[in-house]
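Take a look at the structure set out below.
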Amino acid sequence: MAYAIPDVKPVKELFAVLADETRLRILYILTDGETCVCDITRALGCTISNTFHHLRVLREARLISSRRKGKHILYKLDDKHVLGLIREGFQHAAHTSRE
């Protein structure tokens, strides 16, 4: 049987971005909704510089978006697909850890 396999490179690149623990933690934080960078940094317990680095990677991968509100920069998941991906990932991890 012949398979018409689509280009897997974009999916490989997506999973490479998701393979970082800090970026997954940021995405998990954002499942609750729009959050300012100061709250993300505090929740992660890391430097603002480190947080901005990971936020840039996530933004470039189109997993998150941002907007400025006064002096604050607010981040959110880019769309419902990202929310579903993160929730499914955590549910799958919980499911497989019980076996």
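Ligands are numbered from 1 in the order shown, residues from 1 within each chain, and chains are lettered A, B, ... in the order they appear in the structure tokens.
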
Contacts of Arg87 of chain A at 9 Å (only C-alpha atoms; same-chain gap of 4+ positions) as an NGL selection string: :A and (28 or 31 or 82-83 or 91-92)

Spatial neighbours of Arg67 of chain A, max dist 12 Å, only C-alpha atoms, sep filter under 4 positions, as a list in words: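 Within the cut-off, the hits are Glu34, Thr35, Cys36, Val37, Arg59, Lys71, His72, Ile73, Leu74, Tyr75, Lys76, Leu77 and Asp78 of chain A.
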
Store the residues picked out above, limited to N, CA, C and O atoms, as a PDB file, in the first residue's frame.
```
ATOM      1  N   GLU A  34      -5.053  34.975  29.340  1.00  0.00           N
ATOM      2  CA  GLU A  34      -4.046  36.001  29.120  1.00  0.00           C
ATOM      3  C   GLU A  34      -3.318  36.322  30.434  1.00  0.00           C
ATOM      4  O   GLU A  34      -3.954  36.497  31.472  1.00  0.00           O
ATOM      5  N   THR A  35      -1.988  36.381  30.351  1.00  0.00           N
ATOM      6  CA  THR A  35      -1.163  36.574  31.548  1.00  0.00           C
ATOM      7  C   THR A  35      -0.015  37.520  31.236  1.00  0.00           C
ATOM      8  O   THR A  35       0.578  37.450  30.160  1.00  0.00           O
ATOM      9  N   CYS A  36       0.304  38.388  32.199  1.00  0.00           N
ATOM     10  CA  CYS A  36       1.419  39.327  31.982  1.00  0.00           C
ATOM     11  C   CYS A  36       2.748  38.623  32.209  1.00  0.00           C
ATOM     12  O   CYS A  36       2.828  37.626  32.935  1.00  0.00           O
ATOM     13  N   VAL A  37       3.772  39.158  31.588  1.00  0.00           N
ATOM     14  CA  VAL A  37       5.097  38.550  31.642  1.00  0.00           C
ATOM     15  C   VAL A  37       5.620  38.488  33.079  1.00  0.00           C
ATOM     16  O   VAL A  37       6.308  37.544  33.458  1.00  0.00           O
ATOM     17  N   ARG A  59       6.395  32.579  20.447  1.00  0.00           N
ATOM     18  CA  ARG A  59       5.734  33.519  19.534  1.00  0.00           C
ATOM     19  C   ARG A  59       6.139  33.243  18.090  1.00  0.00           C
ATOM     20  O   ARG A  59       5.303  33.240  17.184  1.00  0.00           O
ATOM     21  N   LYS A  71       1.973  49.557  30.653  1.00  0.00           N
ATOM     22  CA  LYS A  71       3.370  49.158  30.827  1.00  0.00           C
ATOM     23  C   LYS A  71       3.553  47.648  30.749  1.00  0.00           C
ATOM     24  O   LYS A  71       4.671  47.158  30.796  1.00  0.00           O
ATOM     25  N   HIS A  72       2.475  46.899  30.660  1.00  0.00           N
ATOM     26  CA  HIS A  72       2.544  45.441  30.705  1.00  0.00           C
ATOM     27  C   HIS A  72       2.407  44.818  29.316  1.00  0.00           C
ATOM     28  O   HIS A  72       1.707  45.349  28.461  1.00  0.00           O
ATOM     29  N   ILE A  73       3.073  43.696  29.140  1.00  0.00           N
ATOM     30  CA  ILE A  73       2.901  42.892  27.938  1.00  0.00           C
ATOM     31  C   ILE A  73       2.139  41.642  28.368  1.00  0.00           C
ATOM     32  O   ILE A  73       2.561  40.937  29.288  1.00  0.00           O
ATOM     33  N   LEU A  74       1.009  41.409  27.726  1.00  0.00           N
ATOM     34  CA  LEU A  74       0.163  40.266  28.055  1.00  0.00           C
ATOM     35  C   LEU A  74       0.310  39.200  26.980  1.00  0.00           C
ATOM     36  O   LEU A  74       0.320  39.514  25.787  1.00  0.00           O
ATOM     37  N   TYR A  75       0.401  37.957  27.412  1.00  0.00           N
ATOM     38  CA  TYR A  75       0.556  36.830  26.496  1.00  0.00           C
ATOM     39  C   TYR A  75      -0.637  35.910  26.622  1.00  0.00           C
ATOM     40  O   TYR A  75      -1.251  35.790  27.692  1.00  0.00           O
ATOM     41  N   LYS A  76      -0.973  35.261  25.502  1.00  0.00           N
ATOM     42  CA  LYS A  76      -2.041  34.267  25.507  1.00  0.00           C
ATOM     43  C   LYS A  76      -1.729  33.207  24.458  1.00  0.00           C
ATOM     44  O   LYS A  76      -0.899  33.419  23.566  1.00  0.00           O
ATOM     45  N   LEU A  77      -2.394  32.067  24.591  1.00  0.00           N
ATOM     46  CA  LEU A  77      -2.262  31.030  23.570  1.00  0.00           C
ATOM     47  C   LEU A  77      -2.810  31.587  22.274  1.00  0.00           C
ATOM     48  O   LEU A  77      -3.803  32.329  22.270  1.00  0.00           O
ATOM     49  N   ASP A  78      -2.185  31.227  21.163  1.00  0.00           N
ATOM     50  CA  ASP A  78      -2.552  31.829  19.882  1.00  0.00           C
ATOM     51  C   ASP A  78      -3.955  31.445  19.427  1.00  0.00           C
ATOM     52  O   ASP A  78      -4.660  32.257  18.869  1.00  0.00           O
TER      53      ASP A  78
END
```

From A:Ala2, A:Val11, A:Leu44, A:Ala94, residue lying nearest Leu24 of chain A [only C-alpha atoms]: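 Checking each of A:Ala2, A:Val11, A:Leu44, A:Ala94 against Leu24 of chain A, counting only C-alpha atoms, the winner is A:Leu44.
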
Interatomic distance (Å, one decimal) between atom CA of Lys69 of chain A and atom CA of Phe52 of chain A: 16.8 Å

DSSP helix (DSSP H, G or I) selection over chain A, as a PyMOL selection string: chain A and resi 9-18+21-30+37-44+48-60+80-97

Among listed residues A:Met1, A:Val57, A:Pro10, A:Thr47, nearest Arg23 of chain A (using only C-alpha atoms):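 For Arg23 of chain A, the nearest of the candidates is A:Val57.
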
Which of chain A DSSP labels strand (DSSP E), written as a ChimeraX atom specification: /A:35-36,64-69,72-77

Would you mind exporting C-alpha atoms of the selected residues as a JSON list (two decimals), in the first residue's frame?
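Result saved to selection_29.json:
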```json
[["chain", "number", "residue", "atom", "x", "y", "z"],
["A", 35, "THR", "CA", -1.16, 36.57, 31.55],
["A", 36, "CYS", "CA", 1.42, 39.33, 31.98],
["A", 64, "ILE", "CA", 1.34, 32.37, 21.58],
["A", 65, "SER", "CA", 0.54, 35.97, 20.82],
["A", 66, "SER", "CA", 1.03, 39.17, 22.80],
["A", 67, "ARG", "CA", -0.35, 42.63, 23.25],
["A", 68, "ARG", "CA", 0.70, 45.67, 25.21],
["A", 69, "LYS", "CA", -1.58, 47.09, 27.90],
["A", 72, "HIS", "CA", 2.54, 45.44, 30.70],
["A", 73, "ILE", "CA", 2.90, 42.89, 27.94],
["A", 74, "LEU", "CA", 0.16, 40.27, 28.06],
["A", 75, "TYR", "CA", 0.56, 36.83, 26.50],
["A", 76, "LYS", "CA", -2.04, 34.27, 25.51],
["A", 77, "LEU", "CA", -2.26, 31.03, 23.57]]
```

Distance in Å - atom CA of Leu58 of chain A versus atom CA of Ala16 of chain A: 10.9 Å

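Of the residues listed (A:Gly70, A:Ile5, A:Leu63, A:Gly89), A:Leu63 shows the shortest atom-to-atom separation from Leu30 of chain A; distances use only C-alpha atoms.
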
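Using only C-alpha atoms, the nearest neighbour of Lys12 of chain A within the list A:Asp79, A:Ile86, A:Thr51, A:Ala61 is A:Ala61.
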
Proximity to Asp20 of chain A - best of A:Leu55, A:Ala93, A:Leu85, A:Ala4, only C-alpha atoms: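 Of the candidates, the smallest distance to Asp20 of chain A is held by A:Leu55.
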